[in-house]
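Participant: Next comes the structure file query_38.cif, holding mmCIF, C-alpha atoms.
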```cif
data_model
#
loop_
_atom_site.label_atom_id
_atom_site.label_comp_id
_atom_site.auth_asym_id
_atom_site.auth_seq_id
_atom_site.Cartn_x
_atom_site.Cartn_y
_atom_site.Cartn_z
CA MET X 757 97.74 -56.18 -12.57
CA THR X 758 96.07 -53.97 -10.01
CA GLY X 759 95.02 -51.15 -12.30
CA PRO X 760 95.04 -50.13 -15.94
CA ALA X 761 98.49 -49.39 -17.31
CA LEU X 762 97.10 -46.88 -19.74
CA VAL X 763 93.98 -44.77 -20.27
CA ILE X 764 93.04 -43.74 -23.80
CA ASP X 765 90.33 -41.11 -24.13
CA GLN X 766 88.60 -41.38 -27.51
CA ARG X 767 85.38 -39.63 -26.53
CA GLY X 768 84.17 -37.50 -29.44
CA ASN X 769 85.92 -39.70 -32.00
CA HIS X 770 83.97 -41.99 -34.27
CA CYS X 771 84.68 -45.39 -35.77
CA PRO X 772 87.20 -46.59 -36.68
CA LEU X 773 89.32 -44.12 -34.64
CA PRO X 774 88.68 -45.52 -31.11
CA VAL X 775 89.66 -49.03 -32.20
CA ILE X 776 92.70 -47.71 -34.09
CA ALA X 777 93.83 -45.97 -30.89
CA LEU X 778 93.31 -49.22 -28.99
CA GLY X 779 95.32 -51.14 -31.61
CA ARG X 780 98.18 -48.61 -31.52
CA ALA X 781 98.38 -48.82 -27.74
CA ALA X 782 98.21 -52.61 -27.82
CA ALA X 783 101.10 -52.77 -30.30
CA VAL X 784 103.53 -51.31 -27.72
CA HIS X 785 102.30 -53.16 -24.65
CA SER X 786 102.83 -56.75 -23.62
CA GLU X 787 100.58 -59.68 -22.81
CA GLY X 788 98.60 -59.15 -19.62
CA SER X 789 98.66 -55.34 -19.88
CA GLN X 790 95.38 -53.60 -19.24
CA ILE X 791 94.15 -50.66 -21.26
CA LEU X 792 91.15 -48.51 -20.38
CA LEU X 793 89.53 -47.12 -23.53
CA LEU X 794 87.02 -44.30 -23.04
CA ALA X 795 84.61 -43.89 -25.98
CA ASP X 796 81.15 -42.56 -26.70
CA ASP X 797 80.85 -43.69 -30.32
CA PRO X 798 77.66 -45.78 -30.74
CA ALA X 799 79.67 -48.35 -32.71
CA ALA X 800 82.24 -48.81 -29.94
CA PRO X 801 80.48 -51.58 -27.95
CA ALA X 802 80.36 -53.85 -31.00
CA ASP X 803 83.77 -52.85 -32.35
CA VAL X 804 85.70 -53.19 -29.08
CA ALA X 805 84.19 -56.66 -28.52
CA ALA X 806 85.06 -57.68 -32.10
CA TRP X 807 88.60 -56.27 -31.74
CA CYS X 808 89.12 -58.35 -28.57
CA ARG X 809 87.91 -61.48 -30.40
CA MET X 810 90.18 -60.85 -33.41
CA LYS X 811 93.23 -59.96 -31.30
CA GLY X 812 92.87 -62.58 -28.55
CA ALA X 813 92.26 -59.93 -25.89
CA THR X 814 89.73 -60.02 -23.06
CA LEU X 815 87.10 -57.39 -22.40
CA VAL X 816 87.38 -57.40 -18.63
CA ALA X 817 84.75 -54.76 -17.89
CA GLU X 818 82.47 -52.30 -19.63
CA LEU X 819 81.32 -49.52 -17.30
CA PRO X 820 80.05 -45.93 -17.53
CA SER X 821 82.96 -43.52 -17.18
CA SER X 822 83.46 -42.20 -13.66
CA ASP X 823 84.66 -38.64 -14.43
CA GLY X 824 81.24 -37.18 -15.25
CA LEU X 825 82.20 -36.54 -18.87
CA GLY X 826 80.05 -39.35 -20.27
CA GLY X 827 80.90 -42.33 -22.44
CA ILE X 828 81.79 -45.89 -21.59
CA GLY X 829 85.05 -47.24 -20.22
CA TYR X 830 86.20 -50.47 -21.83
CA LEU X 831 88.81 -52.27 -19.75
CA VAL X 832 90.77 -54.55 -22.05
CA GLU X 833 93.45 -57.07 -21.10
CA LEU X 834 95.88 -57.99 -23.86
CA GLY X 835 96.32 -61.66 -24.72
CA PRO X 836 99.34 -63.58 -26.03
CA ALA X 837 98.52 -63.08 -29.72
CA HIS X 838 97.56 -59.41 -29.59
CA ASN X 839 100.41 -58.16 -31.73
CA ALA X 840 100.33 -60.87 -34.38
CA GLY X 841 99.66 -58.23 -36.99
CA ALA X 842 98.92 -60.50 -39.94
CA ALA X 843 96.38 -62.69 -38.21
CA SER X 844 93.11 -63.13 -40.05
CA SER X 845 89.97 -64.60 -38.74
CA THR X 846 86.67 -65.93 -39.90
CA VAL X 847 83.68 -65.45 -37.66
CA GLY X 848 82.90 -68.94 -36.49
CA ARG X 849 80.30 -70.60 -34.37
CA MET Y 1286 43.34 -57.78 -70.83
CA ALA Y 1287 44.87 -56.30 -67.70
CA ARG Y 1288 43.16 -58.99 -65.65
CA GLN Y 1289 44.59 -61.74 -67.87
CA LEU Y 1290 48.09 -60.30 -67.57
CA LEU Y 1291 47.73 -60.10 -63.81
CA GLU Y 1292 46.50 -63.70 -63.63
CA ALA Y 1293 49.42 -64.89 -65.77
CA ALA Y 1294 51.86 -63.01 -63.52
CA ARG Y 1295 50.21 -64.54 -60.46
CA GLU Y 1296 50.48 -68.03 -61.97
CA THR Y 1297 54.22 -67.53 -62.58
CA VAL Y 1298 54.91 -66.26 -59.07
CA ALA Y 1299 52.71 -68.85 -57.33
CA ALA Y 1300 54.51 -71.68 -59.15
CA ILE Y 1301 57.93 -70.40 -58.01
CA ILE Y 1302 56.79 -69.78 -54.43
CA GLY Y 1303 55.12 -73.20 -54.39
CA THR Y 1304 51.64 -72.06 -53.47
CA LYS Y 1305 48.17 -71.76 -54.95
CA GLN Y 1306 47.35 -68.92 -57.30
CA HIS Y 1307 44.49 -67.59 -55.22
CA GLU Y 1308 46.78 -67.50 -52.17
CA THR Y 1309 49.14 -65.10 -53.97
CA SER Y 1310 48.78 -61.37 -54.43
CA PHE Y 1311 50.75 -58.34 -55.63
CA GLN Y 1312 51.09 -55.43 -53.24
CA ALA Y 1313 51.99 -51.88 -54.18
CA SER Y 1314 54.00 -50.66 -51.24
CA SER Y 1315 56.99 -52.65 -50.14
CA GLN Y 1316 57.05 -50.84 -46.80
CA HIS Y 1317 53.40 -51.64 -46.36
CA VAL Y 1318 53.57 -55.33 -47.16
CA ALA Y 1319 55.76 -56.22 -44.20
CA ALA Y 1320 53.34 -54.37 -41.99
CA ILE Y 1321 50.13 -55.88 -43.34
CA SER Y 1322 51.51 -59.40 -43.36
CA LEU Y 1323 51.86 -59.09 -39.60
CA ASP Y 1324 49.06 -56.65 -38.83
CA GLY Y 1325 46.63 -58.83 -40.76
CA PHE Y 1326 47.01 -61.44 -38.08
CA LEU Y 1327 47.55 -59.09 -35.21
CA THR Y 1328 45.05 -56.30 -35.55
CA HIS Y 1329 42.37 -58.04 -33.52
CA SER Y 1330 44.51 -60.52 -31.64
CA SER Y 1331 46.57 -60.78 -28.53
CA HIS Y 1332 48.99 -63.31 -29.91
CA PRO Y 1333 52.57 -62.74 -28.84
CA ILE Y 1334 54.98 -61.88 -31.63
CA LEU Y 1335 58.55 -63.06 -32.08
CA VAL Y 1336 60.99 -61.54 -34.50
CA SER Y 1337 64.66 -62.17 -35.22
CA ARG Y 1338 67.18 -59.43 -34.45
CA ILE Y 1339 68.41 -59.38 -38.05
CA GLU Y 1340 65.14 -58.76 -39.94
CA ARG Y 1341 64.98 -55.90 -42.40
CA ASP Y 1342 64.22 -52.44 -40.98
CA SER Y 1343 60.74 -52.38 -42.52
CA VAL Y 1344 59.82 -55.60 -40.71
CA LEU Y 1345 61.27 -54.44 -37.39
CA ARG Y 1346 59.45 -51.12 -37.72
CA SER Y 1347 56.11 -52.74 -38.49
CA VAL Y 1348 56.51 -55.14 -35.58
CA SER Y 1349 57.34 -52.32 -33.17
CA ARG Y 1350 54.08 -50.60 -34.13
CA THR Y 1351 51.93 -53.59 -33.22
CA GLY Y 1352 50.13 -53.80 -29.91
CA PRO Y 1353 50.93 -57.20 -28.43
CA SER Y 1354 54.17 -58.01 -26.71
CA VAL Y 1355 57.15 -58.36 -29.03
CA THR Y 1356 60.10 -60.60 -28.23
CA GLN Y 1357 63.28 -60.50 -30.29
CA PHE Y 1358 65.35 -63.65 -30.72
CA GLY Y 1359 69.04 -63.78 -31.48
CA VAL Y 1360 71.36 -65.37 -33.99
CA ASP Y 1361 74.82 -66.89 -33.68
CA SER Y 1362 78.02 -65.36 -35.06
CA LEU Y 1363 77.21 -66.67 -38.56
CA GLY Y 1364 73.78 -65.05 -38.40
CA VAL Y 1365 71.92 -68.37 -38.02
CA VAL Y 1366 68.93 -68.51 -35.68
CA ASP Y 1367 69.87 -70.14 -32.38
CA LEU Y 1368 67.26 -72.94 -32.48
CA ASP Y 1369 67.71 -74.07 -28.88
CA ALA Y 1370 67.23 -70.55 -27.55
CA LEU Y 1371 64.31 -69.98 -29.90
CA GLU Y 1372 62.58 -73.14 -28.72
CA ILE Y 1373 62.87 -72.05 -25.08
CA THR Y 1374 61.60 -68.54 -25.92
CA LEU Y 1375 58.73 -69.85 -28.04
CA ASP Y 1376 57.63 -72.27 -25.31
CA ARG Y 1377 57.79 -69.52 -22.71
CA VAL Y 1378 55.79 -66.89 -24.61
CA THR Y 1379 53.14 -69.33 -25.86
CA ASN Y 1380 52.70 -70.82 -22.39
CA THR Y 1381 52.37 -67.37 -20.85
CA ALA Y 1382 49.91 -66.18 -23.50
CA GLY Y 1383 48.00 -69.46 -23.60
CA SER Y 1384 48.03 -69.29 -27.40
CA GLY Y 1385 50.30 -69.68 -30.40
CA ALA Y 1386 52.68 -66.92 -31.42
CA ILE Y 1387 53.36 -65.15 -34.70
CA LEU Y 1388 56.99 -65.57 -35.65
CA ALA Y 1389 58.62 -63.32 -38.26
CA LEU Y 1390 61.83 -64.59 -39.87
CA GLN Y 1391 63.61 -63.95 -43.13
CA ALA Y 1392 64.51 -66.83 -45.47
CA ALA Y 1393 67.96 -65.28 -45.90
CA ASN Y 1394 69.69 -62.10 -44.82
CA GLY Y 1395 70.55 -59.70 -47.65
CA GLU Y 1396 73.37 -58.01 -45.73
CA ILE Y 1397 75.44 -61.09 -44.90
CA GLY Y 1398 73.85 -63.79 -47.09
CA THR Y 1399 73.06 -66.28 -44.31
CA ARG Y 1400 70.05 -68.57 -44.90
CA GLN Y 1401 67.86 -69.62 -41.99
CA PRO Y 1402 66.89 -73.21 -41.09
CA LEU Y 1403 63.24 -72.64 -41.99
CA VAL Y 1404 62.44 -76.38 -41.83
CA ASP Y 1405 63.39 -76.50 -38.15
CA VAL Y 1406 61.71 -73.19 -37.32
CA ALA Y 1407 58.50 -74.33 -39.06
CA GLN Y 1408 58.55 -77.48 -36.92
CA LEU Y 1409 58.84 -75.41 -33.75
CA CYS Y 1410 55.96 -73.23 -34.94
CA GLY Y 1411 53.84 -76.28 -35.74
CA ARG Y 1412 54.45 -77.82 -32.32
CA THR Y 1413 53.43 -74.63 -30.49
CA GLY Y 1414 50.50 -73.73 -32.77
CA SER Y 1415 52.34 -70.65 -33.99
CA ALA Y 1416 52.24 -68.98 -37.39
CA LEU Y 1417 55.44 -68.45 -39.40
CA VAL Y 1418 55.68 -65.21 -41.43
CA VAL Y 1419 58.64 -65.45 -43.81
CA ASP Y 1420 60.33 -62.51 -45.53
CA ALA Y 1421 61.73 -64.03 -48.74
CA THR Y 1422 62.93 -60.75 -50.27
CA ASP Y 1423 66.58 -61.68 -50.73
CA ALA Y 1424 66.09 -65.41 -51.36
CA LEU Y 1425 63.09 -65.89 -53.63
CA GLY Y 1426 63.99 -67.33 -57.02
CA LEU Y 1427 67.64 -67.81 -56.04
CA VAL Y 1428 67.42 -70.61 -53.46
CA PRO Y 1429 64.68 -73.09 -52.47
CA ILE Y 1430 62.44 -71.88 -49.65
CA ASP Y 1431 60.99 -74.49 -47.31
CA SER Y 1432 57.22 -74.73 -47.58
CA GLY Y 1433 56.49 -74.58 -43.84
CA TRP Y 1434 55.47 -70.89 -43.81
CA ASP Y 1435 52.00 -69.48 -43.19
CA VAL Y 1436 52.57 -66.07 -44.78
CA LEU Y 1437 55.36 -65.28 -47.23
CA HIS Y 1438 56.17 -61.80 -48.46
CA ALA Y 1439 58.98 -60.47 -50.63
CA GLN Y 1440 59.99 -57.19 -52.28
CA ALA Y 1441 60.50 -57.44 -56.02
CA SER Y 1442 63.63 -55.27 -55.72
CA GLY Y 1443 65.25 -58.38 -54.19
CA TRP Y 1444 65.39 -60.03 -57.64
CA ALA Y 1445 65.95 -56.83 -59.64
CA GLY Y 1446 62.22 -56.41 -60.20
CA PRO Y 1447 60.46 -53.03 -60.00
CA ARG Y 1448 60.90 -50.99 -56.85
CA GLY Y 1449 57.87 -50.50 -54.66
CA LEU Y 1450 56.20 -53.80 -55.51
CA SER Y 1451 55.95 -56.88 -53.35
CA VAL Y 1452 54.42 -60.30 -53.61
CA MET Y 1453 52.56 -61.85 -50.73
CA ALA Y 1454 51.09 -65.29 -50.15
CA ILE Y 1455 48.80 -66.44 -47.36
CA ARG Y 1456 48.00 -70.12 -46.99
CA ASP Y 1457 44.34 -71.07 -46.76
CA SER Y 1458 45.17 -73.34 -43.85
CA SER Y 1459 46.96 -70.63 -41.89
CA ALA Y 1460 44.13 -68.28 -41.08
CA ALA Y 1461 42.43 -70.99 -39.05
CA LYS Y 1462 45.66 -71.94 -37.33
CA LEU Y 1463 45.46 -69.25 -34.69
CA GLY Y 1464 41.71 -69.38 -34.46
CA LEU Y 1465 41.24 -66.04 -36.14
CA GLN Y 1466 40.71 -64.70 -39.61
CA TRP Y 1467 43.50 -63.08 -41.51
CA ARG Y 1468 42.24 -59.58 -42.33
CA ASP Y 1469 43.83 -56.88 -44.38
CA PRO Y 1470 43.88 -54.10 -41.77
CA ASP Y 1471 43.07 -51.53 -44.47
CA THR Y 1472 40.33 -53.27 -46.43
CA TYR Y 1473 39.11 -55.75 -43.80
CA ARG Y 1474 39.14 -58.41 -46.49
CA SER Y 1475 40.33 -61.93 -45.83
CA ARG Y 1476 42.55 -61.56 -48.91
CA PRO Y 1477 44.56 -58.44 -49.65
CA LEU Y 1478 43.54 -56.64 -52.84
CA ASP Y 1479 46.00 -56.70 -55.70
CA THR Y 1480 47.78 -53.53 -56.68
CA ASP Y 1481 46.35 -51.49 -59.58
CA ASP Y 1482 49.84 -51.37 -61.03
CA VAL Y 1483 49.56 -54.27 -63.46
CA ALA Y 1484 52.70 -53.26 -65.36
CA SER Y 1485 54.84 -53.57 -62.22
CA ALA Y 1486 53.22 -56.88 -61.29
CA VAL Y 1487 53.97 -58.29 -64.76
CA ALA Y 1488 57.54 -56.96 -64.61
CA ALA Y 1489 58.07 -58.43 -61.13
CA ALA Y 1490 56.87 -61.85 -62.29
CA ALA Y 1491 59.02 -61.75 -65.44
CA ALA Y 1492 62.13 -60.73 -63.48
CA LEU Y 1493 61.55 -63.45 -60.89
CA ASP Y 1494 61.01 -66.04 -63.61
CA ALA Y 1495 64.26 -65.03 -65.33
CA VAL Y 1496 66.22 -65.49 -62.09
CA TYR Y 1497 64.47 -68.74 -61.24
CA ARG Y 1498 65.08 -70.31 -64.67
CA ASP Y 1499 68.80 -69.52 -64.83
CA ARG Y 1500 70.10 -72.21 -62.47
CA ALA Y 1501 73.44 -72.30 -64.30
CA GLU Y 1502 74.05 -68.60 -63.72
CA VAL Y 1503 73.16 -68.85 -60.02
CA ALA Y 1504 75.59 -71.77 -59.66
CA ARG Y 1505 78.30 -69.82 -61.48
CA LEU Y 1506 77.87 -66.82 -59.15
CA ALA Y 1507 78.05 -69.15 -56.13
CA GLU Y 1508 81.42 -70.40 -57.41
CA LEU Y 1509 82.67 -66.83 -57.78
CA VAL Y 1510 81.58 -66.13 -54.21
CA ASP Y 1511 83.48 -69.26 -53.10
CA LEU Y 1512 86.56 -67.89 -54.86
CA ILE Y 1513 86.23 -64.49 -53.15
CA ARG Y 1514 85.64 -66.06 -49.72
CA ASP Y 1515 88.67 -68.29 -50.21
CA GLN Y 1516 90.97 -65.47 -51.33
CA LEU Y 1517 90.01 -62.59 -49.00
CA PRO Y 1518 91.65 -63.89 -45.79
CA ARG Y 1519 94.85 -64.64 -47.76
CA LEU Y 1520 94.95 -61.18 -49.32
CA ILE Y 1521 93.90 -58.93 -46.43
CA PRO Y 1522 95.21 -59.12 -42.86
CA ASP Y 1523 92.75 -58.52 -40.01
CA ILE Y 1524 89.59 -59.25 -41.94
CA ASP Y 1525 86.29 -60.61 -40.66
CA LEU Y 1526 84.52 -62.74 -43.28
CA LEU Y 1527 80.82 -62.67 -42.48
CA GLY Y 1528 77.86 -64.97 -42.88
CA ASP Y 1529 77.40 -68.72 -43.17
CA PRO Y 1530 80.04 -70.16 -45.55
CA ILE Y 1531 77.70 -72.94 -46.78
CA ASN Y 1532 74.04 -72.14 -46.13
CA ARG Y 1533 74.09 -68.76 -47.80
CA LEU Y 1534 72.76 -66.81 -50.74
CA PRO Y 1535 74.73 -67.54 -53.93
CA HIS Y 1536 75.59 -63.94 -54.85
CA ILE Y 1537 76.40 -62.09 -51.60
CA VAL Y 1538 79.80 -61.69 -49.92
CA THR Y 1539 80.30 -59.44 -46.91
CA PHE Y 1540 83.42 -58.71 -44.90
CA SER Y 1541 84.77 -56.17 -42.43
CA CYS Y 1542 88.31 -54.80 -42.44
CA LEU Y 1543 89.73 -53.88 -39.04
CA TYR Y 1544 90.92 -50.25 -38.70
CA ALA Y 1545 89.35 -49.19 -42.03
CA ASP Y 1546 86.64 -46.60 -42.64
CA GLY Y 1547 83.89 -48.38 -44.59
CA GLU Y 1548 82.67 -45.26 -46.32
CA ARG Y 1549 86.18 -44.46 -47.60
CA LEU Y 1550 86.68 -48.07 -48.75
CA ALA Y 1551 83.40 -47.94 -50.67
CA ALA Y 1552 84.26 -44.56 -52.20
CA GLU Y 1553 87.75 -45.69 -53.29
CA LEU Y 1554 86.39 -48.91 -54.81
CA ASP Y 1555 83.67 -46.93 -56.57
CA ARG Y 1556 86.33 -44.64 -58.04
CA LEU Y 1557 88.06 -47.76 -59.44
CA GLY Y 1558 84.80 -48.93 -61.00
CA PHE Y 1559 83.54 -51.38 -58.38
CA GLY Y 1560 80.14 -50.58 -56.92
CA VAL Y 1561 79.94 -51.98 -53.40
CA GLY Y 1562 77.80 -51.40 -50.33
CA SER Y 1563 78.76 -50.79 -46.73
CA GLY Y 1564 76.91 -51.47 -43.50
CA SER Y 1565 79.46 -49.52 -41.48
CA ALA Y 1566 78.30 -46.98 -38.96
CA CYS Y 1567 80.59 -44.44 -40.58
CA ALA Y 1568 78.82 -45.00 -43.92
CA ALA Y 1569 75.32 -44.60 -42.48
CA ARG Y 1570 73.55 -41.27 -42.32
CA SER Y 1571 72.41 -42.13 -38.80
CA GLY Y 1572 75.98 -42.76 -37.62
CA LEU Y 1573 74.65 -45.96 -36.10
CA PRO Y 1574 76.11 -49.38 -36.87
CA SER Y 1575 74.05 -51.91 -38.83
CA HIS Y 1576 71.80 -53.88 -36.47
CA VAL Y 1577 72.73 -57.04 -38.39
CA LEU Y 1578 76.48 -56.55 -37.86
CA GLU Y 1579 75.85 -55.82 -34.17
CA ALA Y 1580 73.69 -58.94 -33.76
CA ILE Y 1581 76.39 -61.27 -35.12
CA GLY Y 1582 79.20 -59.62 -33.13
CA SER Y 1583 81.07 -58.48 -36.22
CA LEU Y 1584 83.21 -55.41 -36.56
CA THR Y 1585 80.77 -52.68 -37.52
CA HIS Y 1586 83.39 -50.54 -39.28
CA GLY Y 1587 85.32 -51.27 -42.48
CA ASN Y 1588 82.36 -53.21 -43.81
CA ILE Y 1589 81.99 -54.05 -47.49
CA ARG Y 1590 79.10 -55.93 -49.09
CA LEU Y 1591 79.37 -57.34 -52.61
CA SER Y 1592 76.27 -58.38 -54.49
CA LEU Y 1593 77.31 -60.12 -57.70
CA PRO Y 1594 74.85 -59.34 -60.50
CA PHE Y 1595 73.90 -61.84 -63.20
CA GLY Y 1596 76.58 -61.68 -65.87
CA CYS Y 1597 79.35 -60.71 -63.45
CA THR Y 1598 82.54 -62.10 -64.99
CA GLN Y 1599 85.45 -63.92 -63.41
CA GLU Y 1600 87.69 -61.16 -64.82
CA THR Y 1601 85.74 -58.55 -62.86
CA VAL Y 1602 86.09 -60.58 -59.66
CA GLU Y 1603 89.82 -61.08 -60.23
CA GLY Y 1604 90.20 -57.37 -60.97
CA PHE Y 1605 88.47 -56.56 -57.69
CA LEU Y 1606 90.69 -58.96 -55.75
CA ALA Y 1607 93.75 -57.42 -57.41
CA VAL Y 1608 93.00 -53.84 -56.30
CA LEU Y 1609 91.39 -54.51 -52.91
CA PRO Y 1610 94.57 -55.15 -50.83
CA GLY Y 1611 96.07 -51.84 -51.95
CA VAL Y 1612 92.86 -49.93 -51.27
CA VAL Y 1613 92.49 -51.41 -47.77
CA ALA Y 1614 96.18 -50.77 -46.96
CA GLN Y 1615 95.92 -47.13 -48.11
CA VAL Y 1616 92.70 -46.41 -46.19
CA ARG Y 1617 94.20 -47.98 -43.07
CA ALA Y 1618 97.46 -46.05 -43.41
CA ASP Y 1619 95.63 -42.74 -43.96
CA ALA Y 1620 93.73 -43.28 -40.68
CA GLY Y 1621 96.96 -44.05 -38.78
CA ALA Y 1622 96.17 -47.72 -38.20
CA PRO Y 1623 98.82 -49.80 -36.40
CA GLN Y 1624 101.00 -51.88 -38.71
#
```
As structure tokens, please, write out the structure in this file.

Facilitator:
Amino acid sequence: MTGPALVIDQRGNHCPLPVIALGRAAAVHSEGSQILLLADDPAAPADVAAWCRMKGATLVAELPSSDGLGGIGYLVELGPAHNAGAASSTVGR
Amino acid sequence: MARQLLEAARETVAAIIGTKQHETSFQASSQHVAAISLDGFLTHSSHPILVSRIERDSVLRSVSRTGPSVTQFGVDSLGVVDLDALEITLDRVTNTAGSGAILALQAANGEIGTRQPLVDVAQLCGRTGSALVVDATDALGLVPIDSGWDVLHAQASGWAGPRGLSVMAIRDSSAAKLGLQWRDPDTYRSRPLDTDDVASAVAAAAALDAVYRDRAEVARLAELVDLIRDQLPRLIPDIDLLGDPINRLPHIVTFSCLYADGERLAAELDRLGFGVGSGSACAARSGLPSHVLEAIGSLTHGNIRLSLPFGCTQETVEGFLAVLPGVVAQVRADAGAPQ
């Protein structure tokens, strides 16, 4: 992939909405797709990282947004198991 | 009479903590006790201070007010202190300062239940001439606490004792450890004065004794927690079960549900008669996620914390497990979560 397939702007929305938007987008995209999530919720850094862990995705980059409107851009690449909806996980070492 | 009651309460608490009576005191303000347990060493010292990222807010606040340099140390995804990293950090700060450090660590975390390897941490402190200040609020009476601490403090609310009262113990041997006197920063005494509130001190000791004596009840609650931890991942998709599965408090279970609003989960469960807590950002007045959930890399939303009280029945637990999947599914659906 050379660039994100999809940009989701969730600035102004609070948890769990940014991660729900990420999950909805992930459900209709395939392995290897990249999604750029824009969010300014203070819980987003932790929640996006946890979502990637639970869904087998990779947080490729985490950068300040470039459009002057604030927030952070989370560039996520979907993994093979991202749409295994019933997967559960236990936080492990 | 009041003095005799206070001495009897002190005897009870000292026996459970595993310390001498004269090393033990009752303190009135639970906010204050975390502060003085550290400030007492620090007021006139330049010792570096180390504190874990998942200490209670009152400890983190009191540390941030102190003068010397403060270094935070991290925990792994179960909430257990990373001993290798801690050893490197402790060596670095004590070498730089040319003296031992003061290290603040809780015996167990009340949000996620994880217990800390205090034996190993005490060894590291001993090797570097550092003092270990242990917050035993959520563990005292319920689980054994390794004896390697220098100062131990605990809020009585942790064992359903009176609010606003804490116990504190300072080892005789510990004041000399860092080459300085322990001083109460308010009274400049080498021992903190007891609270005037004898009734609360007596109540705190009685409540602690009741918890400590009922080993069978503690074991029963631990089995109920095992049942809940076993069932949750089978019942709820996309759930993060938090804390150490083995080295944990017997009565705490905490989990986070992906795509769910923790405040709504807690409100719905409350409506059905189950009182639960939530460390979710959306449930906090500040709008900020719990620093404990952040430190372990958990989801910070959809968080539920169960604290099983003494007398909690298996029927209650089964009733909770019966309604929870429906509640989580409804809250997720209402928020438009992906299927």

Participant: Given the choices Y:Leu1584, Y:Ala1620, Y:Ile1387, Y:Leu1403, which gets closest to Ser1415 in chain Y if the distance is worked out from only C-alpha atoms?

Facilitator: Y:Ile1387

Participant: Just so the selection is clear, what residues does the PyMOL selection byres ((chain Y) within 9 of (chain X)) cover here, as a VMD selection string?

Facilitator: chain Y and resid 1361 to 1363 1518 to 1519 1521 to 1529 1543 to 1547 1565 to 1567 1572 to 1574 1578 to 1587 1620 to 1624

Participant: Hey, what's within 6 Å of Gln1401 in chain Y if we count all atoms listed in the file and toss same-chain stuff fewer than 6 positions away? As a PyMOL selection string, please?

Facilitator: chain Y and resi 1365+1392-1393

Participant: Kindly give the distance, in Å, that separates CA of Gly1414 in chain Y and CA of Ile1373 in chain Y, rounded to a single decimal.

Facilitator: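 Spanning CA of Gly1414 in chain Y to CA of Ile1373 in chain Y is a straight-line distance of 14.7 Å.
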
Participant: Which polymer residues have any atom within 12 Å of an atom of Gly1303 in chain Y, counting only C-alpha atoms, with same-chain residues fewer than 2 positions away left out, as a PDB file with C-alpha atoms, in the coordinates of the input?

Facilitator:
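File produced: part.pdb:
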```pdb
ATOM      1  CA  ARG Y1295      50.210 -64.540 -60.460  1.00  0.00           C
ATOM      2  CA  GLU Y1296      50.480 -68.030 -61.970  1.00  0.00           C
ATOM      3  CA  THR Y1297      54.220 -67.530 -62.580  1.00  0.00           C
ATOM      4  CA  VAL Y1298      54.910 -66.260 -59.070  1.00  0.00           C
ATOM      5  CA  ALA Y1299      52.710 -68.850 -57.330  1.00  0.00           C
ATOM      6  CA  ALA Y1300      54.510 -71.680 -59.150  1.00  0.00           C
ATOM      7  CA  ILE Y1301      57.930 -70.400 -58.010  1.00  0.00           C
ATOM      8  CA  LYS Y1305      48.170 -71.760 -54.950  1.00  0.00           C
ATOM      9  CA  GLN Y1306      47.350 -68.920 -57.300  1.00  0.00           C
ATOM     10  CA  GLU Y1308      46.780 -67.500 -52.170  1.00  0.00           C
ATOM     11  CA  THR Y1309      49.140 -65.100 -53.970  1.00  0.00           C
ATOM     12  CA  LEU Y1425      63.090 -65.890 -53.630  1.00  0.00           C
ATOM     13  CA  GLY Y1426      63.990 -67.330 -57.020  1.00  0.00           C
ATOM     14  CA  PRO Y1429      64.680 -73.090 -52.470  1.00  0.00           C
ATOM     15  CA  ILE Y1430      62.440 -71.880 -49.650  1.00  0.00           C
ATOM     16  CA  ASP Y1431      60.990 -74.490 -47.310  1.00  0.00           C
ATOM     17  CA  SER Y1432      57.220 -74.730 -47.580  1.00  0.00           C
ATOM     18  CA  GLY Y1433      56.490 -74.580 -43.840  1.00  0.00           C
ATOM     19  CA  TRP Y1434      55.470 -70.890 -43.810  1.00  0.00           C
ATOM     20  CA  LEU Y1437      55.360 -65.280 -47.230  1.00  0.00           C
ATOM     21  CA  ALA Y1454      51.090 -65.290 -50.150  1.00  0.00           C
ATOM     22  CA  ILE Y1455      48.800 -66.440 -47.360  1.00  0.00           C
ATOM     23  CA  ARG Y1456      48.000 -70.120 -46.990  1.00  0.00           C
TER      24      ARG Y1456
END
```

Participant: Determine the nearest neighbour of Gly1564 in chain Y from the options Y:Leu1593, Y:Leu1335, Y:Ile1397, Y:Val1608, counting all atoms listed in the file.

Facilitator: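 Counting all atoms listed in the file, the residue closest to Gly1564 in chain Y is Y:Ile1397.
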
Participant: May I ask for the distance between CA of Glu787 in chain X and CA of Leu819 in chain X, given in Å to one decimal place?

Facilitator: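 Taking CA of Glu787 in chain X as the start and CA of Leu819 in chain X as the end point, the length is 22.5 Å.
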
Participant: Quick one: pull the distance between CA of Arg1377 in chain Y and CA of Gly1411 in chain Y, Å, one decimal.

Facilitator: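 The value is 15.2 Å.
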
Participant: Enumerate, as a ChimeraX atom specification, the residues matched when the PyMOL selection byres ((chain X and resi 765) around 10) is run on the file above.

Facilitator: /X:762-764,766-769,774,777-778,792-796,827,829

Participant: Run through the PyMOL selection byres ((chain Y and resi 1535) around 8) on the given coordinates and return the selected residues as a short mmCIF file (atom, residue, chain, number, x, y, z; two decimals) with C-alpha atoms, in the frame of the given file.

Facilitator:
```cif
data_model
loop_
_atom_site.label_atom_id
_atom_site.label_comp_id
_atom_site.auth_asym_id
_atom_site.auth_seq_id
_atom_site.Cartn_x
_atom_site.Cartn_y
_atom_site.Cartn_z
CA GLY Y 1398 73.85 -63.79 -47.09
CA LEU Y 1427 67.64 -67.81 -56.04
CA VAL Y 1428 67.42 -70.61 -53.46
CA VAL Y 1503 73.16 -68.85 -60.02
CA ALA Y 1504 75.59 -71.77 -59.66
CA LEU Y 1506 77.87 -66.82 -59.15
CA ALA Y 1507 78.05 -69.15 -56.13
CA VAL Y 1510 81.58 -66.13 -54.21
CA ARG Y 1533 74.09 -68.76 -47.80
CA LEU Y 1534 72.76 -66.81 -50.74
CA HIS Y 1536 75.59 -63.94 -54.85
CA ILE Y 1537 76.40 -62.09 -51.60
#
```
